[in-house]
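Reproduced below: final-v7.csv, with CSV, C-alpha atoms.
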```
chain,number,residue,atom,x,y,z
I,1,MET,CA,3.1,9.9,4.2
I,2,GLY,CA,5.5,9.0,1.4
I,3,LEU,CA,3.3,6.5,-0.2
I,4,PHE,CA,3.9,7.7,-3.8
I,5,SER,CA,7.7,8.1,-3.5
I,6,ARG,CA,8.7,4.5,-3.8
I,7,LYS,CA,11.8,3.1,-5.5
I,8,GLN,CA,11.7,1.1,-8.7
I,9,LYS,CA,11.9,-2.7,-8.5
I,10,ALA,CA,14.5,-4.6,-10.5
I,11,GLU,CA,12.1,-7.0,-12.3
I,12,ALA,CA,8.4,-6.7,-13.0
I,13,THR,CA,5.7,-9.1,-12.1
I,14,ASP,CA,2.1,-9.2,-13.3
I,15,THR,CA,0.4,-9.9,-10.0
I,16,VAL,CA,0.5,-8.3,-6.6
I,17,LEU,CA,-1.4,-10.3,-4.0
I,18,ILE,CA,-2.5,-8.4,-0.8
I,19,THR,CA,-4.8,-10.2,1.6
I,20,GLY,CA,-7.7,-8.5,3.4
I,21,ALA,CA,-5.9,-8.9,6.7
I,22,GLU,CA,-2.8,-7.2,5.3
I,23,LEU,CA,-4.9,-4.4,3.9
I,24,ASP,CA,-6.8,-4.0,7.2
I,25,HIS,CA,-3.6,-4.0,9.2
I,26,ALA,CA,-2.0,-1.3,7.0
I,27,ALA,CA,-5.2,0.8,7.1
I,28,ARG,CA,-5.4,0.6,10.9
I,29,ALA,CA,-1.7,1.4,11.3
I,30,LEU,CA,-2.1,4.4,8.9
I,31,ASN,CA,-5.0,5.7,11.0
I,32,ALA,CA,-2.7,5.4,14.0
I,33,GLY,CA,0.0,7.5,12.3
I,34,ASP,CA,2.3,4.6,11.3
I,35,ASP,CA,2.8,4.4,7.6
I,36,GLY,CA,5.3,1.5,7.7
I,37,PRO,CA,2.9,-1.3,6.9
I,38,ALA,CA,1.3,0.8,4.1
I,39,ASN,CA,4.7,1.5,2.6
I,40,ALA,CA,5.6,-2.2,2.7
I,41,LEU,CA,2.4,-3.0,0.7
I,42,VAL,CA,3.1,-0.2,-1.8
I,43,ASP,CA,6.7,-1.5,-2.2
I,44,ARG,CA,5.2,-4.7,-3.7
I,45,GLY,CA,4.2,-2.7,-6.8
I,46,ASP,CA,6.6,-2.8,-9.7
I,47,ASP,CA,5.5,0.4,-11.5
I,48,LYS,CA,4.0,3.7,-10.6
I,49,THR,CA,0.4,2.7,-11.7
I,50,THR,CA,0.4,-0.4,-9.5
I,51,ARG,CA,1.8,1.4,-6.5
I,52,GLN,CA,-0.9,4.1,-6.9
I,53,LEU,CA,-3.6,1.5,-7.1
I,54,ILE,CA,-2.3,-0.2,-3.9
I,55,THR,CA,-2.2,3.3,-2.2
I,56,MET,CA,-5.8,4.1,-3.2
I,57,ARG,CA,-6.9,0.7,-1.7
I,58,ILE,CA,-5.1,1.4,1.5
I,59,LEU,CA,-6.5,4.9,1.8
I,60,GLY,CA,-10.0,3.7,1.0
I,61,ALA,CA,-9.8,1.1,3.7
I,62,SER,CA,-8.4,3.6,6.2
I,63,ILE,CA,-11.3,6.0,5.5
I,64,ASN,CA,-13.8,3.1,6.0
I,65,GLN,CA,-12.3,2.3,9.4
I,66,GLN,CA,-12.6,5.9,10.7
```
Encoded form using structure tokens:
Amino acid sequence: MGLFSRKQKAEATDTVLITGAELDHAARALNAGDDGPANALVDRGDDKTTRQLITMRILGASINQQ
């Protein structure tokens, strides 16, 4: 899927805001085989830990939708 292999951002921010609709869309797309929306959300994270947390939220939502 490539969700953990994200590039580093230039400047760090403290907050990443992801709406429920964005999370739902990314989870549905991931279940359909399209990891683009999920990768776009993960790219919002500035560090490895934040990206992993976003990834786990997306994966959890995709499991709930199956």
- prompt: In terms of the shortest atom-to-atom distance over only C-alpha atoms, which of I:Thr50, I:Leu59, I:Asn64, I:Val16 is closest to I:Leu30?
  reply: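 Answer, going by the shortest atom-to-atom distance: I:Leu59.
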message: Between I:Gln52, I:Gly45, I:Pro37, I:Gln66, which residue has the minimum interatomic distance to I:His25, considering only C-alpha atoms?
response: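 Answer, going by the shortest atom-to-atom distance: I:Pro37.
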message: At a cut-off of 12 Å, using all atoms listed in the file, what residues contact I:Leu17? Leave out same-chain residues fewer than 2 positions from it and give the result as a list in words.
response: Thr13, Asp14, Thr15, Thr19, Gly20, Ala21, Glu22, Leu23, Leu41, Val42, Arg44, Gly45, Thr50 and Ile54 of chain I
Nearest to I:Gln65 by atom-to-atom distance, counting only C-alpha atoms, from I:Ala29, I:Leu53, I:Asp47, I:Asn39: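 Of I:Ala29, I:Leu53, I:Asp47, I:Asn39, the one nearest I:Gln65, counting only C-alpha atoms, is I:Ala29.
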Two-atom distance - atom CA of I:Ala61, atom CA of I:Asp35 (Å):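 Atom-to-atom, atom CA of I:Ala61 and atom CA of I:Asp35 are spaced 13.6 Å apart.
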statement: re atom CA of I:Ala26 and atom CA of I:Gly60: distance 11.2 Å
message: Would you compute the distance between atom CA of I:Gly33 and atom CA of I:Thr55? Give it in Å to one decimal.
response: 15.3 Å
message: Restricting the calculation to all atoms listed in the file: of I:Gly36, I:Thr49, I:Asn31, I:Ile58, which residue gets closest to I:Ile18?
response: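 That would be I:Ile58, the residue with the smallest distance to I:Ile18.
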